[in-house]
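**Q** My structure is stored as coords.cif, with mmCIF, C-alpha atoms.
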```cif
data_target
loop_
_atom_site.label_atom_id
_atom_site.label_comp_id
_atom_site.auth_asym_id
_atom_site.auth_seq_id
_atom_site.Cartn_x
_atom_site.Cartn_y
_atom_site.Cartn_z
CA MET A 30 0.00 0.00 0.00
CA LYS A 31 1.38 3.39 -1.04
CA ILE A 32 0.42 6.31 1.20
CA ALA A 33 1.37 9.96 0.85
CA ILE A 34 1.50 11.86 4.17
CA LEU A 35 1.42 15.63 3.73
CA THR A 36 2.13 17.73 6.81
CA ASP A 37 3.13 21.14 8.07
CA GLY A 38 6.37 19.90 9.57
CA ILE A 39 7.44 16.90 11.62
CA TYR A 40 9.01 16.65 15.07
CA PRO A 41 11.82 17.31 16.04
CA PHE A 42 12.48 19.65 13.11
CA VAL A 43 9.26 21.56 13.84
CA ILE A 44 7.81 21.62 17.36
CA GLY A 45 4.11 21.04 17.98
CA GLY A 46 1.41 18.47 18.64
CA MET A 47 0.52 18.05 14.98
CA GLN A 48 4.20 17.61 14.14
CA LYS A 49 4.60 14.85 16.76
CA HIS A 50 1.50 13.13 15.39
CA SER A 51 2.95 13.27 11.87
CA PHE A 52 6.28 11.91 13.10
CA TYR A 53 4.83 8.87 14.86
CA LEU A 54 2.15 8.17 12.25
CA THR A 55 4.83 8.02 9.56
CA LYS A 56 7.24 5.95 11.64
CA PHE A 57 4.68 3.33 12.63
CA LEU A 58 2.95 3.05 9.23
CA VAL A 59 6.37 2.33 7.71
CA GLY A 60 6.91 -0.23 10.47
CA LEU A 61 3.65 -1.92 9.46
CA GLY A 62 4.89 -2.33 5.88
CA ALA A 63 3.24 0.63 4.15
CA GLU A 64 5.20 2.45 1.44
CA VAL A 65 5.11 6.04 2.68
CA THR A 66 6.03 9.26 0.90
CA LEU A 67 6.36 11.95 3.55
CA VAL A 68 6.14 15.56 2.37
CA HIS A 69 6.86 18.03 5.16
CA CYS A 70 8.22 21.54 5.59
CA VAL A 71 10.48 23.53 7.89
CA HIS A 72 10.78 27.22 8.73
CA ALA A 73 14.49 27.23 7.99
CA LYS A 74 16.95 27.66 5.13
CA GLU A 75 18.66 24.33 5.78
CA LEU A 76 16.30 21.45 4.99
CA PRO A 77 16.76 18.13 6.81
CA GLU A 78 17.82 15.25 4.58
CA ARG A 79 16.20 11.81 4.44
CA THR A 80 19.02 10.47 6.60
CA ASP A 81 18.16 13.05 9.28
CA VAL A 82 14.53 11.92 9.31
CA LEU A 83 15.47 8.23 9.37
CA GLN A 84 17.82 8.84 12.29
CA ALA A 85 15.13 10.73 14.22
CA MET A 86 12.61 7.94 13.58
CA ASP A 87 15.15 5.17 14.23
CA LEU A 88 14.41 3.61 10.82
CA ASP A 89 16.81 1.69 8.59
CA GLU A 90 18.19 3.13 5.37
CA ASP A 91 16.42 0.47 3.28
CA CYS A 92 12.97 1.09 4.79
CA SER A 93 10.04 2.05 2.54
CA LEU A 94 10.05 5.77 3.37
CA GLU A 95 10.57 8.52 0.83
CA VAL A 96 11.12 12.00 2.30
CA ILE A 97 10.49 15.32 0.59
CA CYS A 98 11.19 18.46 2.61
CA LEU A 99 10.11 21.92 1.48
CA PRO A 100 10.72 25.39 2.94
CA PHE A 101 7.63 26.98 4.48
CA PRO A 102 6.59 29.78 2.09
CA ASP A 103 6.62 33.43 3.08
CA GLY A 104 3.11 34.88 2.91
CA GLY A 105 4.11 38.42 3.83
CA LYS A 106 3.00 40.38 6.88
CA LEU A 107 -0.50 41.56 6.02
CA PRO A 108 -3.57 40.06 7.77
CA GLY A 109 -4.15 36.57 6.40
CA HIS A 110 -0.45 35.95 5.72
CA TYR A 111 -0.65 32.59 7.52
CA LEU A 112 -3.39 31.43 5.15
CA LYS A 113 -1.47 32.69 2.14
CA SER A 114 1.64 30.80 3.24
CA ASN A 115 -0.35 27.61 3.70
CA TYR A 116 -2.00 27.92 0.30
CA PHE A 117 1.42 28.36 -1.30
CA LEU A 118 2.63 25.30 0.61
CA SER A 119 -0.28 23.23 -0.72
CA GLN A 120 0.62 24.39 -4.24
CA ASN A 121 4.26 23.44 -3.79
CA ILE A 122 3.33 20.03 -2.44
CA TYR A 123 1.07 19.33 -5.41
CA HIS A 124 3.77 20.37 -7.88
CA GLN A 125 6.17 17.95 -6.18
CA LEU A 126 3.74 15.04 -6.60
CA LYS A 127 1.55 15.85 -9.60
CA ASP A 128 3.43 13.71 -12.14
CA ARG A 129 2.88 10.60 -10.00
CA ILE A 130 -0.08 11.55 -7.89
CA ASN A 131 -2.10 8.54 -9.04
CA SER A 132 0.62 6.10 -7.98
CA PHE A 133 -0.61 6.56 -4.39
CA ASP A 134 -3.41 4.44 -2.97
CA PHE A 135 -4.32 7.07 -0.38
CA ILE A 136 -3.35 10.63 0.54
CA TYR A 137 -3.34 11.56 4.25
CA ALA A 138 -3.13 15.36 4.43
CA LYS A 139 -2.72 17.48 7.55
CA GLY A 140 -4.62 20.75 7.68
CA PHE A 141 -4.13 23.19 4.83
CA THR A 142 -1.64 20.97 2.98
CA SER A 143 -4.76 19.54 1.30
CA TRP A 144 -6.05 22.90 0.01
CA VAL A 145 -5.05 22.60 -3.66
CA LEU A 146 -5.92 18.90 -3.77
CA ALA A 147 -9.40 19.65 -2.39
CA ASP A 148 -9.86 22.30 -5.07
CA LEU A 149 -8.83 19.80 -7.75
CA LYS A 150 -11.34 17.31 -6.31
CA ARG A 151 -13.99 20.03 -6.58
CA LYS A 152 -13.13 20.46 -10.26
CA GLY A 153 -13.49 16.72 -10.90
CA ALA A 154 -9.81 15.74 -11.12
CA ASP A 155 -9.04 12.03 -10.98
CA LEU A 156 -7.10 11.72 -7.74
CA PRO A 157 -6.57 9.02 -5.10
CA PRO A 158 -8.81 9.03 -2.01
CA LEU A 159 -7.99 12.08 0.08
CA GLY A 160 -8.28 12.03 3.87
CA VAL A 161 -7.86 15.31 5.74
CA LYS A 162 -6.73 15.75 9.34
CA PHE A 163 -7.22 19.02 11.23
CA HIS A 164 -6.17 18.58 14.84
CA GLY A 165 -7.77 21.10 17.14
CA TYR A 166 -10.52 22.89 15.22
CA GLU A 167 -9.82 25.88 17.46
CA MET A 168 -11.42 28.12 14.83
CA PHE A 169 -14.79 26.55 15.71
CA GLN A 170 -14.30 26.49 19.49
CA PRO A 171 -14.93 29.37 21.93
CA PRO A 172 -12.14 31.96 21.57
CA ALA A 173 -10.06 33.11 24.53
CA SER A 174 -9.78 36.71 23.27
CA LEU A 175 -11.05 39.18 20.66
CA ARG A 176 -7.88 38.67 18.64
CA ALA A 177 -8.49 34.93 18.64
CA ARG A 178 -12.06 35.55 17.46
CA PHE A 179 -10.76 37.51 14.44
CA GLU A 180 -8.18 34.84 13.63
CA GLN A 181 -10.89 32.19 13.83
CA TRP A 182 -13.06 34.15 11.40
CA LEU A 183 -10.21 34.19 8.87
CA LEU A 184 -9.67 30.44 9.10
CA ARG A 185 -13.24 29.16 8.99
CA GLY A 186 -13.91 29.67 5.27
CA PRO A 187 -10.88 27.75 3.96
CA VAL A 188 -11.42 24.98 6.52
CA LYS A 189 -15.04 24.53 5.44
CA PHE A 190 -14.00 24.54 1.78
CA ILE A 191 -11.46 21.76 2.33
CA HIS A 192 -13.98 19.68 4.27
CA GLU A 193 -16.61 20.06 1.55
CA HIS A 194 -14.31 18.73 -1.15
CA THR A 195 -12.33 15.97 0.53
CA ASP A 196 -13.24 12.28 0.55
CA TYR A 197 -12.69 11.59 4.26
CA VAL A 198 -12.05 13.52 7.46
CA PHE A 199 -10.00 12.04 10.30
CA SER A 200 -11.32 12.97 13.75
CA TYR A 201 -10.23 12.41 17.33
CA GLY A 202 -13.88 11.81 18.23
CA GLY A 203 -15.92 13.45 20.99
CA LYS A 204 -16.62 17.14 20.49
CA ILE A 205 -14.24 17.22 17.53
CA SER A 206 -16.61 14.97 15.56
CA ASP A 207 -19.51 17.21 16.63
CA ILE A 208 -17.70 20.20 15.12
CA ILE A 209 -16.97 18.31 11.90
CA ARG A 210 -20.64 17.36 11.54
CA LYS A 211 -21.68 20.99 12.12
CA ILE A 212 -19.37 22.03 9.28
CA GLY A 213 -21.50 19.79 7.08
CA VAL A 214 -19.51 16.56 6.82
CA ALA A 215 -21.58 13.38 6.64
CA ASN A 216 -20.98 10.67 9.25
CA SER A 217 -19.96 8.28 6.46
CA LYS A 218 -16.95 10.51 5.70
CA ILE A 219 -15.71 10.79 9.30
CA ILE A 220 -13.01 8.38 10.49
CA GLU A 221 -12.56 8.48 14.26
CA ILE A 222 -9.07 7.58 15.47
CA PRO A 223 -7.41 8.90 18.65
CA THR A 224 -3.93 10.27 18.80
CA GLY A 225 -1.22 8.06 20.25
CA ILE A 226 1.92 8.00 22.33
CA ALA A 227 5.01 5.82 22.14
CA SER A 228 4.67 2.84 24.46
CA ASP A 229 8.08 3.51 26.01
CA TRP A 230 6.53 6.59 27.62
CA CYS A 231 4.49 4.31 29.91
CA ARG A 232 5.87 4.33 33.42
CA THR A 233 6.43 0.92 34.95
CA ASN A 234 7.51 1.88 38.49
CA LEU A 235 4.70 4.07 39.78
CA THR A 236 5.54 5.10 43.33
CA ALA A 237 2.87 5.65 45.97
CA THR A 238 1.56 9.17 46.53
CA GLU A 239 2.86 10.81 49.68
CA GLY A 240 3.59 14.26 51.04
CA LYS A 241 2.16 17.43 49.54
CA ARG A 242 0.08 17.07 46.39
CA LYS A 243 2.23 18.09 43.42
CA PHE A 244 0.70 19.60 40.28
CA VAL A 245 2.25 20.35 36.91
CA PHE A 246 1.30 22.47 33.89
CA ILE A 247 3.15 21.81 30.63
CA GLY A 248 3.15 24.22 27.70
CA ARG A 249 4.12 27.63 26.42
CA TYR A 250 2.22 30.74 27.39
CA GLU A 251 -0.74 30.95 25.02
CA ARG A 252 -4.02 32.60 25.93
CA ARG A 253 -6.17 29.64 24.86
CA LYS A 254 -4.23 27.31 27.18
CA GLY A 255 -5.99 28.86 30.18
CA ILE A 256 -2.87 29.82 32.11
CA GLU A 257 -4.39 33.13 33.22
CA GLU A 258 -7.40 31.34 34.69
CA LEU A 259 -5.05 28.87 36.34
CA THR A 260 -3.03 31.69 37.91
CA GLN A 261 -6.20 33.28 39.30
CA SER A 262 -7.37 29.91 40.59
CA LEU A 263 -4.12 29.26 42.44
CA ALA A 264 -4.48 32.66 44.10
CA GLN A 265 -7.93 31.65 45.36
CA LEU A 266 -6.95 28.29 46.86
CA ASN A 267 -7.45 28.17 50.60
CA SER A 268 -4.84 25.46 51.03
CA THR A 269 -1.07 25.85 50.80
CA ASP A 270 -0.58 22.09 51.17
CA TYR A 271 0.50 21.67 47.55
CA LEU A 272 3.33 22.39 45.12
CA PHE A 273 2.76 23.60 41.55
CA GLU A 274 5.36 23.32 38.79
CA PHE A 275 5.30 24.88 35.32
CA ILE A 276 7.21 23.45 32.35
CA GLY A 277 7.43 25.83 29.41
CA PRO A 278 8.41 29.37 28.45
CA ILE A 279 6.22 31.57 30.66
CA PRO A 280 6.79 35.37 30.50
CA ALA A 281 8.07 36.91 33.73
CA THR A 282 4.99 39.15 33.92
CA LYS A 283 2.76 36.05 34.03
CA LYS A 284 4.60 34.32 36.85
CA THR A 285 3.41 34.17 40.45
CA LYS A 286 5.95 34.67 43.21
CA ALA A 287 5.28 32.02 45.83
CA ASP A 288 7.36 29.46 47.69
CA ASN A 289 5.18 26.58 46.48
CA ILE A 290 5.19 27.55 42.79
CA LEU A 291 8.18 26.65 40.59
CA TYR A 292 8.86 27.61 36.97
CA HIS A 293 11.28 25.36 35.08
CA GLY A 294 11.18 27.37 31.87
CA LYS A 295 11.56 25.76 28.45
CA VAL A 296 12.59 22.11 28.72
CA MET A 297 13.19 20.16 25.50
CA GLU A 298 14.91 16.96 26.63
CA THR A 299 12.44 14.08 27.03
CA GLU A 300 14.34 12.61 29.98
CA LYS A 301 14.23 15.91 31.88
CA ILE A 302 10.52 16.37 31.19
CA GLN A 303 9.80 12.85 32.39
CA ALA A 304 11.89 13.37 35.53
CA ILE A 305 9.85 16.46 36.45
CA ILE A 306 6.53 14.75 35.65
CA ASP A 307 7.49 11.66 37.63
CA ASN A 308 7.92 13.84 40.71
CA CYS A 309 4.35 15.13 40.38
CA HIS A 310 0.88 13.68 40.97
CA VAL A 311 -1.58 15.75 38.89
CA LEU A 312 -1.43 17.32 35.42
CA VAL A 313 -3.57 20.44 34.93
CA THR A 314 -4.69 21.51 31.43
CA PRO A 315 -7.34 24.27 31.70
CA SER A 316 -7.51 25.07 27.96
CA HIS A 317 -10.25 27.04 26.24
CA SER A 318 -9.91 24.84 23.14
CA GLU A 319 -7.99 21.70 22.19
CA GLY A 320 -7.91 18.74 19.87
CA MET A 321 -6.60 15.70 21.73
CA PRO A 322 -3.60 17.04 23.62
CA ASN A 323 -0.30 15.18 23.51
CA VAL A 324 0.51 16.67 26.89
CA ILE A 325 -2.41 14.76 28.45
CA MET A 326 -1.19 11.56 26.79
CA GLU A 327 2.25 12.16 28.27
CA GLY A 328 0.88 12.91 31.72
CA MET A 329 -1.31 9.79 31.66
CA ALA A 330 1.56 7.60 30.46
CA ARG A 331 3.70 8.77 33.37
CA GLY A 332 0.97 8.01 35.88
CA LEU A 333 -0.59 11.39 36.64
CA ALA A 334 -4.19 12.04 37.54
CA ILE A 335 -5.62 14.68 35.19
CA VAL A 336 -7.54 17.92 35.72
CA ALA A 337 -8.69 19.06 32.28
CA THR A 338 -11.37 21.10 30.58
CA ASN A 339 -14.05 19.33 28.56
CA VAL A 340 -13.03 20.66 25.14
CA GLY A 341 -12.15 18.96 21.87
CA ALA A 342 -11.69 15.24 22.38
CA VAL A 343 -10.33 15.53 25.93
CA ALA A 344 -13.29 13.50 27.24
CA GLN A 345 -11.87 10.54 25.29
CA GLN A 346 -8.82 10.76 27.55
CA VAL A 347 -10.13 11.91 30.91
CA ASP A 348 -13.09 10.63 32.93
CA PRO A 349 -13.79 10.00 36.64
CA SER A 350 -11.63 6.88 36.55
CA ASN A 351 -8.43 8.90 36.08
CA GLY A 352 -9.22 12.50 36.95
CA TRP A 353 -11.59 15.42 36.80
CA LEU A 354 -13.23 16.95 33.72
CA ILE A 355 -14.39 20.55 34.09
CA GLU A 356 -15.86 23.29 31.93
CA PRO A 357 -13.49 25.83 30.32
CA ASN A 358 -13.10 29.43 31.49
CA ASN A 359 -14.64 28.70 34.90
CA ILE A 360 -12.22 29.83 37.60
CA ASP A 361 -14.47 28.80 40.49
CA GLU A 362 -14.87 25.25 39.17
CA LEU A 363 -11.15 25.00 38.47
CA THR A 364 -10.37 26.18 42.01
CA SER A 365 -12.78 23.74 43.65
CA THR A 366 -11.45 20.88 41.51
CA LEU A 367 -7.85 21.64 42.46
CA GLN A 368 -9.01 21.61 46.07
CA LYS A 369 -10.57 18.17 45.51
CA ALA A 370 -7.32 16.92 44.02
CA ILE A 371 -5.44 18.18 47.08
CA SER A 372 -7.83 16.61 49.57
CA THR A 373 -8.29 13.23 47.83
CA ASP A 374 -6.75 10.51 50.00
CA ASN A 375 -3.54 8.91 48.78
CA ASN A 376 -5.00 5.46 48.07
CA THR A 377 -7.82 6.87 45.93
CA HIS A 378 -5.38 9.15 44.19
CA ASP A 379 -3.07 6.25 43.37
CA GLN A 380 -6.01 4.44 41.75
CA LEU A 381 -6.60 7.45 39.50
CA ARG A 382 -2.92 7.54 38.56
CA ALA A 383 -2.74 3.82 37.82
CA GLN A 384 -5.86 4.03 35.66
CA SER A 385 -4.23 6.75 33.54
CA ILE A 386 -1.44 4.34 32.61
CA GLU A 387 -3.91 1.51 31.98
CA LYS A 388 -5.99 3.66 29.61
CA ILE A 389 -2.87 4.45 27.60
CA LYS A 390 -1.91 0.78 27.34
CA GLN A 391 -5.41 -0.27 26.26
CA HIS A 392 -6.24 2.48 23.77
CA PHE A 393 -3.54 5.01 22.99
CA THR A 394 -0.15 3.51 22.17
CA TRP A 395 1.08 4.18 18.64
CA GLU A 396 1.19 0.43 18.03
CA ILE A 397 -2.60 0.38 18.50
CA VAL A 398 -3.36 3.69 16.79
CA SER A 399 -1.25 2.99 13.68
CA LYS A 400 -2.87 -0.42 13.13
CA HIS A 401 -6.30 1.18 13.46
CA THR A 402 -5.31 3.89 10.96
CA LEU A 403 -3.95 1.42 8.41
CA GLN A 404 -7.08 -0.72 8.73
CA GLU A 405 -9.37 2.26 8.14
CA ILE A 406 -7.34 3.39 5.13
CA SER A 407 -7.36 -0.14 3.69
CA GLU A 408 -11.16 -0.33 3.96
CA ARG A 409 -11.55 2.99 2.11
CA ILE A 410 -9.22 1.87 -0.67
CA GLU A 411 -11.15 -1.37 -1.11
CA THR A 412 -14.46 0.49 -1.44
CA LYS A 413 -13.10 3.06 -3.91
#
```
Show this structure as structure tokens.

**A**
Amino acid sequence: MKIAILTDGIYPFVIGGMQKHSFYLTKFLVGLGAEVTLVHCVHAKELPERTDVLQAMDLDEDCSLEVICLPFPDGGKLPGHYLKSNYFLSQNIYHQLKDRINSFDFIYAKGFTSWVLADLKRKGADLPPLGVKFHGYEMFQPPASLRARFEQWLLRGPVKFIHEHTDYVFSYGGKISDIIRKIGVANSKIIEIPTGIASDWCRTNLTATEGKRKFVFIGRYERRKGIEELTQSLAQLNSTDYLFEFIGPIPATKKTKADNILYHGKVMETEKIQAIIDNCHVLVTPSHSEGMPNVIMEGMARGLAIVATNVGAVAQQVDPSNGWLIEPNNIDELTSTLQKAISTDNNTHDQLRAQSIEKIKQHFTWEIVSKHTLQEISERIETK
């Protein structure tokens, strides 16, 4: 089976949740025997070679992976420049593949990389089945600011256009599928598959909870991540019997000075991130909008209970068995839930933590997710 994967960058050359998803999807589909052509981009003058990608993915030189890397186009500085850049990228990708486009059995396209292909589908071009993957659908979720509302307005039209003219839409499920249906996509075109995490992330030596309850937030400062609500919530907590750690680049003006709050700054090394997480008990992700966050997968795999907002497909990850699901932008509910997490007895808390790891093992390892993906693609090819 020949699959083209089109994506706006792959980890570690481009940082982001979508880029990690593209990295692992490619790696594991190749491991399952698929012939994959990966077309990705970087925001840099020096483009990584195939050997760089193979080394990052720990794949052999003779594996069935072709790699094409393109520079991310410059769309200028006027409003809408991001959309213009992405349209140019979709053009460049098509020009790279057009002479052999029909040699592929299936095209798996991330976000706007499918723009030109969707337009060709609209015009009746004979192309392979096209499946589109948008991750967060933030443009259709409640905005965290007026600026975000304007940015959402710019994105909605092109996103709807792509969905109208693609063959299939990959969804994380939950509220993400609800959004896709509201856009106008029929259920028969929606393929629900969760994101995944490498099985070696799963912690095997979970130690019993003791001492002060330790929380962690992981991510850069971004308004939609809910860090301002979290800061206000921490200020309202009656208890001081907790420690809170932040991993990520947080501006100095957004930091709280307190003995029980620690800011690690930007941490890139996986081992260092895991070491910090392993010293904590609860992951907090109070986002206004999300897809299916990798950070929750990582927290679950390392044995953390989860406090998260019920946005995107987060409810597929978090339920009462492994944490607390709350509504977004509700400081009082966030505060009371943090208080519950502090006061939960150690034995009950350890059950929540253990269940996080078990959920990962049963549903969310990349071994499971990649097989599910390949099976779904195979079924669509057979019915073409």

**Q** Applying 10 Å and all atoms listed in the file, which residues near Leu99 (chain A) remain after dropping the ones on its own chain fewer than 4 positions away? List them as a PyMOL selection string.

**A** chain A and resi 37-38+68-77+118+121-122+125

**Q** How would you write, as a PDB file with C-alpha atoms, in the coordinates of the input, the residues chosen by the PyMOL selection byres ((chain A and resi 319) around 8) on this structure?

**A**
```
ATOM      1  CA  GLY A 165      -7.770  21.100  17.140  1.00  0.00           C
ATOM      2  CA  TYR A 166     -10.520  22.890  15.220  1.00  0.00           C
ATOM      3  CA  GLU A 167      -9.820  25.880  17.460  1.00  0.00           C
ATOM      4  CA  SER A 316      -7.510  25.070  27.960  1.00  0.00           C
ATOM      5  CA  HIS A 317     -10.250  27.040  26.240  1.00  0.00           C
ATOM      6  CA  SER A 318      -9.910  24.840  23.140  1.00  0.00           C
ATOM      7  CA  GLY A 320      -7.910  18.740  19.870  1.00  0.00           C
ATOM      8  CA  MET A 321      -6.600  15.700  21.730  1.00  0.00           C
ATOM      9  CA  PRO A 322      -3.600  17.040  23.620  1.00  0.00           C
ATOM     10  CA  VAL A 340     -13.030  20.660  25.140  1.00  0.00           C
ATOM     11  CA  GLY A 341     -12.150  18.960  21.870  1.00  0.00           C
ATOM     12  CA  ALA A 342     -11.690  15.240  22.380  1.00  0.00           C
ATOM     13  CA  VAL A 343     -10.330  15.530  25.930  1.00  0.00           C
TER      14      VAL A 343
END
```

**Q** Find the distance between CA of Arg253 (chain A) and CA of Ala173 (chain A) and write it in Å to one decimal.

**A**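 Separating CA of Arg253 (chain A) from CA of Ala173 (chain A) is a distance of 5.2 Å.
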
**Q** Name all residues at most 8 Å from Phe117 (chain A) (count only C-alpha atoms; drop same-chain ones fewer than 3 positions away) and give them as JSON, numbers by chain.

**A** {"A": [102, 104, 113, 114, 120, 121]}

**Q** Tell me, as a PyMOL selection string, which residues lie within 9 Å of Val324 (chain A), counting only C-alpha atoms; anything in the same chain fewer than 4 positions away does not count.

**A** chain A and resi 46+247-248+312+314+328-329

**Q** Rank nothing, just name the residue among A:Arg409, A:His401, A:Arg331, A:Arg185 nearest to Leu159 (chain A), using all atoms listed in the file.

**A**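 Of all the options, A:Arg409 lies closest to Leu159 (chain A).
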
**Q** I'd like a table as a Markdown table: residues in region 280-360 of chain A with an atom no more than 12 Å from region 231-238 of chain A, each row giving the shortest atom pair and its distance in Å to one decimal, all atoms listed in the file counted, sorted by chain and rising residue number.

**A**
```
| residue | atom | partner | partner_atom | distance |
| --- | --- | --- | --- | --- |
| A:Gln303 | CA | A:Arg232 | CA | 9.4 |
| A:Ala304 | CA | A:Arg232 | CA | 11.1 |
| A:Ile306 | CA | A:Arg232 | CA | 10.7 |
| A:Asp307 | CA | A:Leu235 | CA | 8.4 |
| A:Asn308 | CA | A:Thr236 | CA | 9.4 |
| A:Cys309 | CA | A:Thr238 | CA | 9.0 |
| A:His310 | CA | A:Thr238 | CA | 7.2 |
| A:Val311 | CA | A:Thr238 | CA | 10.6 |
| A:Met326 | CA | A:Cys231 | CA | 9.7 |
| A:Glu327 | CA | A:Cys231 | CA | 8.3 |
| A:Gly328 | CA | A:Cys231 | CA | 9.5 |
| A:Met329 | CA | A:Cys231 | CA | 8.2 |
| A:Ala330 | CA | A:Cys231 | CA | 4.4 |
| A:Arg331 | CA | A:Arg232 | CA | 4.9 |
| A:Gly332 | CA | A:Arg232 | CA | 6.6 |
| A:Leu333 | CA | A:Leu235 | CA | 9.6 |
| A:Ala334 | CA | A:Thr238 | CA | 11.1 |
```

**Q** Running the PyMOL selection byres ((chain A and resi 53) around 9) on this model by hand, what would come out? Give it as a ChimeraX atom specification.

**A** /A:40,48-52,54-58,86,225-227,395,399

**Q** Would you mind exporting C-alpha atoms of the selected residues as a PDB file, in the coordinates of the input?

**A**
```pdb
ATOM      1  CA  TYR A  40       9.010  16.650  15.070  1.00  0.00           C
ATOM      2  CA  GLN A  48       4.200  17.610  14.140  1.00  0.00           C
ATOM      3  CA  LYS A  49       4.600  14.850  16.760  1.00  0.00           C
ATOM      4  CA  HIS A  50       1.500  13.130  15.390  1.00  0.00           C
ATOM      5  CA  SER A  51       2.950  13.270  11.870  1.00  0.00           C
ATOM      6  CA  PHE A  52       6.280  11.910  13.100  1.00  0.00           C
ATOM      7  CA  LEU A  54       2.150   8.170  12.250  1.00  0.00           C
ATOM      8  CA  THR A  55       4.830   8.020   9.560  1.00  0.00           C
ATOM      9  CA  LYS A  56       7.240   5.950  11.640  1.00  0.00           C
ATOM     10  CA  PHE A  57       4.680   3.330  12.630  1.00  0.00           C
ATOM     11  CA  LEU A  58       2.950   3.050   9.230  1.00  0.00           C
ATOM     12  CA  MET A  86      12.610   7.940  13.580  1.00  0.00           C
ATOM     13  CA  GLY A 225      -1.220   8.060  20.250  1.00  0.00           C
ATOM     14  CA  ILE A 226       1.920   8.000  22.330  1.00  0.00           C
ATOM     15  CA  ALA A 227       5.010   5.820  22.140  1.00  0.00           C
ATOM     16  CA  TRP A 395       1.080   4.180  18.640  1.00  0.00           C
ATOM     17  CA  SER A 399      -1.250   2.990  13.680  1.00  0.00           C
TER      18      SER A 399
END
```

**Q** Return as a count of residues only the set of residues that the PyMOL selection byres ((chain A and resi 350) around 9) yields on the displayed structure.

**A** 11

**Q** Between A:Ala370, A:Leu112, A:Ile97, A:Val245, which one has atoms that come closest to Leu184 (chain A), using only C-alpha atoms?

**A** A:Leu112

**Q** Can you measure CA of Ile220 (chain A) to CA of Met168 (chain A) for me? One decimal in Å is fine.

**A**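 Those two atoms sit 20.3 Å apart.
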
**Q** Given the choices A:Ile32, A:Ala337, A:Ile205, A:Ile360, which gets closest to Glu258 (chain A) if the distance is worked out from all atoms listed in the file?

**A**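 Of A:Ile32, A:Ala337, A:Ile205, A:Ile360, the one nearest Glu258 (chain A) is A:Ile360, counting all atoms listed in the file.
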